[in-house]
There are 2 protein chains.
Amino acid sequence: VRHDEDAGRELDRLREEVDRIDDELIGLLARRRDVVMRIAALKTARGLPVYAPEREEAMLRARRDEAAARGVRPDLVEDMLRRIMRDSYRSEGEHGYRRAAPEPWPVVLVGGAGGMGRLFARLFEASGHPVRILDRNDWPRADALLEGAGLVLVGVPIAVTLEVLDALRGRLPAEAVLADITSVKAAPLVRMLDVHEGPVVGLHPMFGHSVPSLAKQVFAHCPGRDADACRWLLDQIRIWGAFPVDADPESHDRLMATIQAQRHFATFVYGLHLMEEGTDLDEVLALSSPIYRLELGMIGRLFAQDPDLYADIIFGSGAGRDLARSYHRLFGRMLDLYERGDRDAFLADFARVKDWLGPLADVFLAESDALLDQARDRLDFRPGDTDGATTRRGDP
Amino acid sequence: VRHDEDAGRELDRLREEVDRIDDELIGLLARRRDVVMRIAALKTARGLPVYAPEREEAMLRARRDEAAARGVRPDLVEDMLRRIMRDSYRSEGEHGYRRAAPEPWPVVLVGGAGGMGRLFARLFEASGHPVRILDRNDWPRADALLEGAGLVLVGVPIAVTLEVLDALRGRLPAEAVLADITSVKAAPLVRMLDVHEGPVVGLHPMFGHSVPSLAKQVFAHCPGRDADACRWLLDQIRIWGAFPVDADPESHDRLMATIQAQRHFATFVYGLHLMEEGTDLDEVLALSSPIYRLELGMIGRLFAQDPDLYADIIFGSGAGRDLARSYHRLFGRMLDLYERGDRDAFLADFARVKDWLGPLADVFLAESDALLDQARDRLDFRPGDTDGATTRRGDP
């Protein structure tokens, strides 16, 4: 008993030591934040981009080496620094961004009342542009809103995009950049070139409006007309930390049919099927390790979001429908194989896909493994516990 | 120019300050690791479990409050501490675990030469049990291997599980615990109760053999016979940091048909379809933001893993085949709706699933959003970059 008491006291003492170290850690984070805010102010003044990949990589390499030398796992240090940097990107945006345009031209957001509109309104305002919203009820005063605009950015449901573009015909200042953020690119780009004689560019932000910052996000970029006059917009996107990736409008739309329309449709049917089969979600969750929980999460998250947006993406894509049809046909063929118990045919097809993926299969495994490790940290995973995750999200 | 030079020097100075802070951070991590290793040694000596959820939660709450008081984002501090704790769990296992069994009974791993076998061999050895492997070529000396065993743990492909259990009949020490880790539970449990008159328990580890530690992992647990005699095994699992979750064998198998057999089959068909449609993966990756990359990752990771294991899970589940059939039927019905362009029917079904999920839809969204934030930190996401992720995985 004596011995146990001593050990208990020693354990308490060591735990207090851990708490002290963690306090020091918070102190370091506060100091780091102050220095990074001063860096951000300097960068903004000098017009440097928020995200500096080369400096980041060099810094991480140096810290990994140092960690290894001191017997700390390099992956731990790298993960921590990346997490701190995410926080920094977010803080940097709070100071505003350098304006890439030579003048603080007004930016008109057509359909700007939605989530994506609010995001862009915030970003353009933080970059020194006056922002005007032209939403569905604002058309009577459209001419006043569009007067002197340097950028008219259209972000409305796919089904009404062409019609909204038509409504802009003859109303746009000649030198304004006309751009859209629709998730299809070919038809809107043709129509933009038709309704406007000035600079035109098609954009598709490959992210949702809830992202904490634009650092490392991607825009598909389809040049339209007068790339020189559009350059400031692309520069501004880079200053926000995002990457414009050049895409041919037709290839873009074909790709989106795969990675958006058909994928979302299959996920929708999957969720519907879980319901129709009477799946007991509590039972599933009780036995779900992080990997299954993530699978469920990828299905469930669809139903927490805007149904109209998904309907838009799915029904707006003819190619998506064709892909859904061919997927259904292939599923039927494979189901025959399943019913025959033809394991050898399954293994042969499995090997073909593996070959086709090549080194990517391992990359995908490594990436998703790393994420699953993080899921275990973050989700405070305990069987059957379905709260927690949401309550811990917001900052004070 | 003068002003620019001054600003440049100031920027360099501030960056050096950040580097110094990051060095201090590494120093703190090294100190913390030393203290945690001493805690681990004390815990092992006293037989306390690795994972102490209550202490962890209380500690995180205290640090969040302190962070908020010092103007540091609480989520940042919590994420960092969780990441550090993951590292600690991993280190703690390196010191060995307390043995839950009263005696260091030999553990026989039937089919122990595979990845899962190696994992359990390491864990039981680290907990003070001699481990013997009885793999397919070892049957001639099975009797010697089984002599005096305290636990016989069967982990062989589903297709041969019953046959292997039959081969154990009449060879097991009367007091040995007979357990299995097969991913179906009903039939193996019945057969175990038939071939052995002593203690029996069915387990299904809900994770792969590549997990960094067992902290926060789940085992499905189906009691068989003589729970008292099996208790040390469950205690040992808890000491490793994992959770046994009680499950009825039939419910377990029905659930696994959903979250394993049918899900893996659908993912398999999805990958095959991507290939058959001639999808250009480089194009897809160039335009993939983290969310699409994660979707691709969940598909691609299947093909990087053991095809026989997936064939086992898929073809071993009759209920999975039934579910695949009803999913295919439902997909066909929904495809009709897609082809009719029946957006209203889509929205109605969407709303039904959302209702059915209830608050879980938002939980899933929040969880996967948090993971996607982390994906951006970790993957060093840059468009078109498909290396990187794998090269950074290993510790030195």
# chains A, B, ... in the order shown; residues from 1 in each chain; ligands from 1

call {"tool": "select_by_dssp", "arguments": {"residues": "stretch 189-352 of chain B", "states": "strand (DSSP E or B)", "output": "VMD selection string"}}
result
chain B and resid 200 to 205 218 to 225 243 to 246

call {"tool": "residues_around", "arguments": {"residues": "B:Asp235", "least_positions_apart": "5", "cutoff": "12 Å", "atoms": "only C-alpha atoms", "output": "PDB file with all heavy atoms, in the first residue's frame"}}
result
ATOM      1  N   GLY B  47      -0.501  -1.340 -13.753  1.00  0.00           N
ATOM      2  CA  GLY B  47      -1.558  -1.998 -14.521  1.00  0.00           C
ATOM      3  C   GLY B  47      -2.685  -1.085 -14.923  1.00  0.00           C
ATOM      4  O   GLY B  47      -3.826  -1.522 -15.096  1.00  0.00           O
ATOM      5  N   LEU B  48      -2.398   0.203 -15.081  1.00  0.00           N
ATOM      6  CA  LEU B  48      -3.444   1.124 -15.534  1.00  0.00           C
ATOM      7  C   LEU B  48      -3.520   1.094 -17.054  1.00  0.00           C
ATOM      8  O   LEU B  48      -2.514   0.888 -17.723  1.00  0.00           O
ATOM      9  CB  LEU B  48      -3.118   2.545 -15.057  1.00  0.00           C
ATOM     10  CG  LEU B  48      -3.134   2.728 -13.537  1.00  0.00           C
ATOM     11  CD1 LEU B  48      -2.521   4.065 -13.166  1.00  0.00           C
ATOM     12  CD2 LEU B  48      -4.556   2.612 -13.010  1.00  0.00           C
ATOM     13  N   PRO B  49      -4.722   1.310 -17.624  1.00  0.00           N
ATOM     14  CA  PRO B  49      -4.841   1.291 -19.085  1.00  0.00           C
ATOM     15  C   PRO B  49      -4.108   2.478 -19.722  1.00  0.00           C
ATOM     16  O   PRO B  49      -3.949   3.531 -19.110  1.00  0.00           O
ATOM     17  CB  PRO B  49      -6.345   1.379 -19.339  1.00  0.00           C
ATOM     18  CG  PRO B  49      -6.939   1.892 -18.077  1.00  0.00           C
ATOM     19  CD  PRO B  49      -6.017   1.522 -16.963  1.00  0.00           C
ATOM     20  N   VAL B  50      -3.674   2.256 -20.963  1.00  0.00           N
ATOM     21  CA  VAL B  50      -2.961   3.290 -21.720  1.00  0.00           C
ATOM     22  C   VAL B  50      -3.856   4.513 -21.916  1.00  0.00           C
ATOM     23  O   VAL B  50      -3.417   5.652 -21.777  1.00  0.00           O
ATOM     24  CB  VAL B  50      -2.591   2.737 -23.121  1.00  0.00           C
ATOM     25  CG1 VAL B  50      -2.035   3.847 -24.011  1.00  0.00           C
ATOM     26  CG2 VAL B  50      -1.584   1.611 -22.987  1.00  0.00           C
ATOM     27  N   TYR B  97       3.060  -3.770 -22.077  1.00  0.00           N
ATOM     28  CA  TYR B  97       1.780  -3.555 -21.408  1.00  0.00           C
ATOM     29  C   TYR B  97       1.710  -4.478 -20.199  1.00  0.00           C
ATOM     30  O   TYR B  97       2.341  -5.535 -20.171  1.00  0.00           O
ATOM     31  CB  TYR B  97       0.626  -3.907 -22.349  1.00  0.00           C
ATOM     32  CG  TYR B  97       0.593  -3.094 -23.613  1.00  0.00           C
ATOM     33  CD1 TYR B  97       1.184  -3.561 -24.780  1.00  0.00           C
ATOM     34  CD2 TYR B  97      -0.050  -1.858 -23.646  1.00  0.00           C
ATOM     35  CE1 TYR B  97       1.141  -2.817 -25.950  1.00  0.00           C
ATOM     36  CE2 TYR B  97      -0.085  -1.108 -24.804  1.00  0.00           C
ATOM     37  CZ  TYR B  97       0.503  -1.599 -25.951  1.00  0.00           C
ATOM     38  OH  TYR B  97       0.461  -0.858 -27.101  1.00  0.00           O
ATOM     39  N   ARG B  98       0.887  -4.075 -19.241  1.00  0.00           N
ATOM     40  CA  ARG B  98       0.627  -4.977 -18.137  1.00  0.00           C
ATOM     41  C   ARG B  98      -0.072  -6.229 -18.668  1.00  0.00           C
ATOM     42  O   ARG B  98      -0.894  -6.154 -19.578  1.00  0.00           O
ATOM     43  CB  ARG B  98      -0.278  -4.312 -17.097  1.00  0.00           C
ATOM     44  CG  ARG B  98      -0.532  -5.217 -15.882  1.00  0.00           C
ATOM     45  CD  ARG B  98      -1.410  -4.521 -14.868  1.00  0.00           C
ATOM     46  NE  ARG B  98      -2.716  -4.211 -15.410  1.00  0.00           N
ATOM     47  CZ  ARG B  98      -3.840  -4.845 -15.085  1.00  0.00           C
ATOM     48  NH1 ARG B  98      -3.822  -5.853 -14.227  1.00  0.00           N
ATOM     49  NH2 ARG B  98      -4.992  -4.492 -15.614  1.00  0.00           N
ATOM     50  N   ARG B  99       0.250  -7.369 -18.081  1.00  0.00           N
ATOM     51  CA  ARG B  99      -0.442  -8.613 -18.430  1.00  0.00           C
ATOM     52  C   ARG B  99      -1.714  -8.698 -17.598  1.00  0.00           C
ATOM     53  O   ARG B  99      -1.668  -8.579 -16.365  1.00  0.00           O
ATOM     54  CB  ARG B  99       0.473  -9.807 -18.110  1.00  0.00           C
ATOM     55  CG  ARG B  99      -0.050 -11.138 -18.617  1.00  0.00           C
ATOM     56  CD  ARG B  99       0.822 -12.276 -18.101  1.00  0.00           C
ATOM     57  NE  ARG B  99       0.567 -12.493 -16.678  1.00  0.00           N
ATOM     58  CZ  ARG B  99       1.500 -12.646 -15.758  1.00  0.00           C
ATOM     59  NH1 ARG B  99       2.779 -12.606 -16.086  1.00  0.00           N
ATOM     60  NH2 ARG B  99       1.165 -12.832 -14.490  1.00  0.00           N
ATOM     61  N   ALA B 100      -2.865  -8.900 -18.248  1.00  0.00           N
ATOM     62  CA  ALA B 100      -4.133  -9.005 -17.513  1.00  0.00           C
ATOM     63  C   ALA B 100      -4.329 -10.407 -16.953  1.00  0.00           C
ATOM     64  O   ALA B 100      -4.960 -10.586 -15.913  1.00  0.00           O
ATOM     65  CB  ALA B 100      -5.299  -8.641 -18.426  1.00  0.00           C
ATOM     66  N   ALA B 101      -3.807 -11.417 -17.632  1.00  0.00           N
ATOM     67  CA  ALA B 101      -3.976 -12.807 -17.180  1.00  0.00           C
ATOM     68  C   ALA B 101      -3.158 -13.032 -15.908  1.00  0.00           C
ATOM     69  O   ALA B 101      -2.086 -12.448 -15.757  1.00  0.00           O
ATOM     70  CB  ALA B 101      -3.508 -13.767 -18.271  1.00  0.00           C
ATOM     71  N   PRO B 102      -3.662 -13.889 -14.999  1.00  0.00           N
ATOM     72  CA  PRO B 102      -2.911 -14.142 -13.766  1.00  0.00           C
ATOM     73  C   PRO B 102      -1.574 -14.843 -14.033  1.00  0.00           C
ATOM     74  O   PRO B 102      -0.627 -14.684 -13.272  1.00  0.00           O
ATOM     75  CB  PRO B 102      -3.851 -15.030 -12.944  1.00  0.00           C
ATOM     76  CG  PRO B 102      -4.887 -15.545 -13.894  1.00  0.00           C
ATOM     77  CD  PRO B 102      -4.978 -14.557 -15.008  1.00  0.00           C
ATOM     78  N   SER B 127       2.898  -7.949 -23.776  1.00  0.00           N
ATOM     79  CA  SER B 127       2.113  -8.065 -22.547  1.00  0.00           C
ATOM     80  C   SER B 127       2.549  -9.283 -21.727  1.00  0.00           C
ATOM     81  O   SER B 127       1.830  -9.722 -20.827  1.00  0.00           O
ATOM     82  CB  SER B 127       0.625  -8.167 -22.889  1.00  0.00           C
ATOM     83  OG  SER B 127       0.262  -7.170 -23.820  1.00  0.00           O
ATOM     84  N   ALA B 227     -17.940 -16.596 -19.538  1.00  0.00           N
ATOM     85  CA  ALA B 227     -17.442 -15.218 -19.628  1.00  0.00           C
ATOM     86  C   ALA B 227     -16.368 -14.930 -18.585  1.00  0.00           C
ATOM     87  O   ALA B 227     -15.425 -14.180 -18.845  1.00  0.00           O
ATOM     88  CB  ALA B 227     -18.600 -14.222 -19.495  1.00  0.00           C
ATOM     89  N   ASP B 228     -16.488 -15.552 -17.388  1.00  0.00           N
ATOM     90  CA  ASP B 228     -15.492 -15.299 -16.340  1.00  0.00           C
ATOM     91  C   ASP B 228     -14.096 -15.705 -16.796  1.00  0.00           C
ATOM     92  O   ASP B 228     -13.126 -14.971 -16.596  1.00  0.00           O
ATOM     93  CB  ASP B 228     -15.853 -16.076 -15.066  1.00  0.00           C
ATOM     94  CG  ASP B 228     -16.946 -15.343 -14.289  1.00  0.00           C
ATOM     95  OD1 ASP B 228     -17.162 -14.144 -14.578  1.00  0.00           O
ATOM     96  OD2 ASP B 228     -17.576 -15.981 -13.417  1.00  0.00           O
ATOM     97  N   ALA B 229     -14.015 -16.866 -17.443  1.00  0.00           N
ATOM     98  CA  ALA B 229     -12.713 -17.368 -17.875  1.00  0.00           C
ATOM     99  C   ALA B 229     -12.165 -16.564 -19.052  1.00  0.00           C
ATOM    100  O   ALA B 229     -10.960 -16.586 -19.318  1.00  0.00           O
ATOM    101  CB  ALA B 229     -12.820 -18.846 -18.256  1.00  0.00           C
ATOM    102  N   CYS B 230     -13.059 -15.857 -19.765  1.00  0.00           N
ATOM    103  CA  CYS B 230     -12.623 -15.051 -20.919  1.00  0.00           C
ATOM    104  C   CYS B 230     -12.251 -13.628 -20.519  1.00  0.00           C
ATOM    105  O   CYS B 230     -11.715 -12.872 -21.324  1.00  0.00           O
ATOM    106  CB  CYS B 230     -13.731 -14.973 -21.970  1.00  0.00           C
ATOM    107  SG  CYS B 230     -14.198 -16.557 -22.670  1.00  0.00           S
ATOM    108  N   TRP B 240      -4.665  -2.443 -23.848  1.00  0.00           N
ATOM    109  CA  TRP B 240      -4.053  -1.968 -25.095  1.00  0.00           C
ATOM    110  C   TRP B 240      -4.678  -0.649 -25.571  1.00  0.00           C
ATOM    111  O   TRP B 240      -4.207  -0.045 -26.514  1.00  0.00           O
ATOM    112  CB  TRP B 240      -4.216  -3.016 -26.204  1.00  0.00           C
ATOM    113  CG  TRP B 240      -3.447  -4.287 -25.960  1.00  0.00           C
ATOM    114  CD1 TRP B 240      -2.316  -4.419 -25.212  1.00  0.00           C
ATOM    115  CD2 TRP B 240      -3.754  -5.590 -26.461  1.00  0.00           C
ATOM    116  NE1 TRP B 240      -1.895  -5.733 -25.221  1.00  0.00           N
ATOM    117  CE2 TRP B 240      -2.762  -6.466 -25.982  1.00  0.00           C
ATOM    118  CE3 TRP B 240      -4.767  -6.108 -27.282  1.00  0.00           C
ATOM    119  CZ2 TRP B 240      -2.753  -7.816 -26.286  1.00  0.00           C
ATOM    120  CZ3 TRP B 240      -4.765  -7.447 -27.594  1.00  0.00           C
ATOM    121  CH2 TRP B 240      -3.767  -8.305 -27.092  1.00  0.00           C
ATOM    122  N   GLY B 241      -5.764  -0.241 -24.933  1.00  0.00           N
ATOM    123  CA  GLY B 241      -6.390   1.036 -25.304  1.00  0.00           C
ATOM    124  C   GLY B 241      -7.620   0.885 -26.165  1.00  0.00           C
ATOM    125  O   GLY B 241      -8.228   1.885 -26.559  1.00  0.00           O
ATOM    126  N   ALA B 242      -8.006  -0.350 -26.491  1.00  0.00           N
ATOM    127  CA  ALA B 242      -9.138  -0.571 -27.392  1.00  0.00           C
ATOM    128  C   ALA B 242     -10.425  -0.827 -26.597  1.00  0.00           C
ATOM    129  O   ALA B 242     -10.390  -1.011 -25.376  1.00  0.00           O
ATOM    130  CB  ALA B 242      -8.852  -1.746 -28.316  1.00  0.00           C
ATOM    131  N   PHE B 243     -11.565  -0.810 -27.306  1.00  0.00           N
ATOM    132  CA  PHE B 243     -12.870  -1.029 -26.687  1.00  0.00           C
ATOM    133  C   PHE B 243     -13.530  -2.289 -27.227  1.00  0.00           C
ATOM    134  O   PHE B 243     -13.807  -2.353 -28.426  1.00  0.00           O
ATOM    135  CB  PHE B 243     -13.835   0.113 -27.014  1.00  0.00           C
ATOM    136  CG  PHE B 243     -13.358   1.460 -26.619  1.00  0.00           C
ATOM    137  CD1 PHE B 243     -12.713   2.265 -27.547  1.00  0.00           C
ATOM    138  CD2 PHE B 243     -13.564   1.942 -25.341  1.00  0.00           C
ATOM    139  CE1 PHE B 243     -12.281   3.537 -27.194  1.00  0.00           C
ATOM    140  CE2 PHE B 243     -13.140   3.211 -24.982  1.00  0.00           C
ATOM    141  CZ  PHE B 243     -12.493   4.004 -25.909  1.00  0.00           C
ATOM    142  N   PRO B 244     -13.847  -3.271 -26.372  1.00  0.00           N
ATOM    143  CA  PRO B 244     -14.728  -4.355 -26.823  1.00  0.00           C
ATOM    144  C   PRO B 244     -16.176  -3.846 -26.769  1.00  0.00           C
ATOM    145  O   PRO B 244     -16.591  -3.289 -25.751  1.00  0.00           O
ATOM    146  CB  PRO B 244     -14.510  -5.471 -25.793  1.00  0.00           C
ATOM    147  CG  PRO B 244     -13.431  -4.983 -24.863  1.00  0.00           C
ATOM    148  CD  PRO B 244     -13.366  -3.494 -24.993  1.00  0.00           C
TER     149      PRO B 244
END

call {"tool": "atom_distance", "arguments": {"atom1": "atom CA of A:Leu146", "atom2": "atom CA of A:Ala159"}}
result
22.8 Å

call {"tool": "residues_around", "arguments": {"residues": "stretch 67-75 of chain A", "least_positions_apart": "3", "cutoff": "12 Å", "atoms": "only C-alpha atoms", "output": "number ranges by chain"}}
result
A: 60-64, 78-82, 370, 373; B: 22-34, 83-84, 86-88, 90-91, 378, 389, 391-396

call {"tool": "write_last_selection", "arguments": {"atoms": "C-alpha atoms", "output": "PDB file, in the first residue's frame"}}
result
ATOM      1  CA  LEU A  60       9.368  21.949 -42.576  1.00  0.00           C
ATOM      2  CA  ARG A  61      12.420  20.066 -43.790  1.00  0.00           C
ATOM      3  CA  ALA A  62      14.654  21.966 -41.379  1.00  0.00           C
ATOM      4  CA  ARG A  63      12.315  21.302 -38.430  1.00  0.00           C
ATOM      5  CA  ARG A  64      12.001  17.597 -39.310  1.00  0.00           C
ATOM      6  CA  GLU A  78       5.475  18.331 -39.240  1.00  0.00           C
ATOM      7  CA  ASP A  79       1.809  17.660 -38.435  1.00  0.00           C
ATOM      8  CA  MET A  80       1.901  20.201 -35.613  1.00  0.00           C
ATOM      9  CA  LEU A  81       3.534  22.879 -37.716  1.00  0.00           C
ATOM     10  CA  ARG A  82       1.079  22.320 -40.574  1.00  0.00           C
ATOM     11  CA  ALA A 370      -2.823   9.506 -42.600  1.00  0.00           C
ATOM     12  CA  ASP A 373      -4.932   8.517 -37.982  1.00  0.00           C
TER      13      ASP A 373
ATOM     14  CA  ASP B  22       9.514  26.430 -33.560  1.00  0.00           C
ATOM     15  CA  ASP B  23      12.821  25.204 -32.134  1.00  0.00           C
ATOM     16  CA  GLU B  24      11.509  25.869 -28.648  1.00  0.00           C
ATOM     17  CA  LEU B  25       8.398  23.900 -29.598  1.00  0.00           C
ATOM     18  CA  ILE B  26      10.535  20.897 -30.528  1.00  0.00           C
ATOM     19  CA  GLY B  27      12.361  21.240 -27.220  1.00  0.00           C
ATOM     20  CA  LEU B  28       9.031  21.209 -25.370  1.00  0.00           C
ATOM     21  CA  LEU B  29       7.964  18.083 -27.265  1.00  0.00           C
ATOM     22  CA  ALA B  30      11.188  16.339 -26.285  1.00  0.00           C
ATOM     23  CA  ARG B  31      10.676  17.262 -22.608  1.00  0.00           C
ATOM     24  CA  ARG B  32       7.035  16.193 -22.737  1.00  0.00           C
ATOM     25  CA  ARG B  33       7.996  12.856 -24.270  1.00  0.00           C
ATOM     26  CA  ASP B  34      10.448  12.173 -21.433  1.00  0.00           C
ATOM     27  CA  ARG B  83      -1.846  14.855 -32.112  1.00  0.00           C
ATOM     28  CA  ILE B  84       0.766  14.773 -29.338  1.00  0.00           C
ATOM     29  CA  ARG B  86      -1.489   9.960 -30.465  1.00  0.00           C
ATOM     30  CA  ASP B  87       2.287   9.961 -30.473  1.00  0.00           C
ATOM     31  CA  SER B  88       2.316   9.213 -26.753  1.00  0.00           C
ATOM     32  CA  ARG B  90       2.327   4.842 -29.673  1.00  0.00           C
ATOM     33  CA  SER B  91       5.351   5.360 -27.431  1.00  0.00           C
ATOM     34  CA  ARG B 378      -1.281  17.193 -44.146  1.00  0.00           C
ATOM     35  CA  ALA B 389       2.176  12.021 -49.641  1.00  0.00           C
ATOM     36  CA  THR B 391       7.462   9.923 -49.239  1.00  0.00           C
ATOM     37  CA  ARG B 392       6.626  11.672 -46.017  1.00  0.00           C
ATOM     38  CA  ARG B 393       5.066   8.758 -44.146  1.00  0.00           C
ATOM     39  CA  GLY B 394       7.835   6.854 -42.470  1.00  0.00           C
ATOM     40  CA  ASP B 395       9.683   7.741 -39.327  1.00  0.00           C
ATOM     41  CA  PRO B 396      13.472   7.364 -39.417  1.00  0.00           C
TER      42      PRO B 396
END

call {"tool": "residues_around", "arguments": {"residues": "B:Arg191", "least_positions_apart": "6", "cutoff": "12 Å", "atoms": "only C-alpha atoms", "output": "list in words"}}
result
Thr161, Leu162, Glu163, Val164, Leu165, Asp166, Ala167, Leu168, Arg169, Leu178, Ala179, Asp180, Lys185, Glu197, Val200, Val201, Gly202 and Gly224 of chain B

call {"tool": "select_by_dssp", "arguments": {"residues": "stretch 26-267 of chain A", "states": "helix (DSSP H, G or I)", "output": "VMD selection string"}}
result
chain A and resid 26 to 46 53 to 69 74 to 94 115 to 126 136 to 146 158 to 168 186 to 195 227 to 239 249 to 267
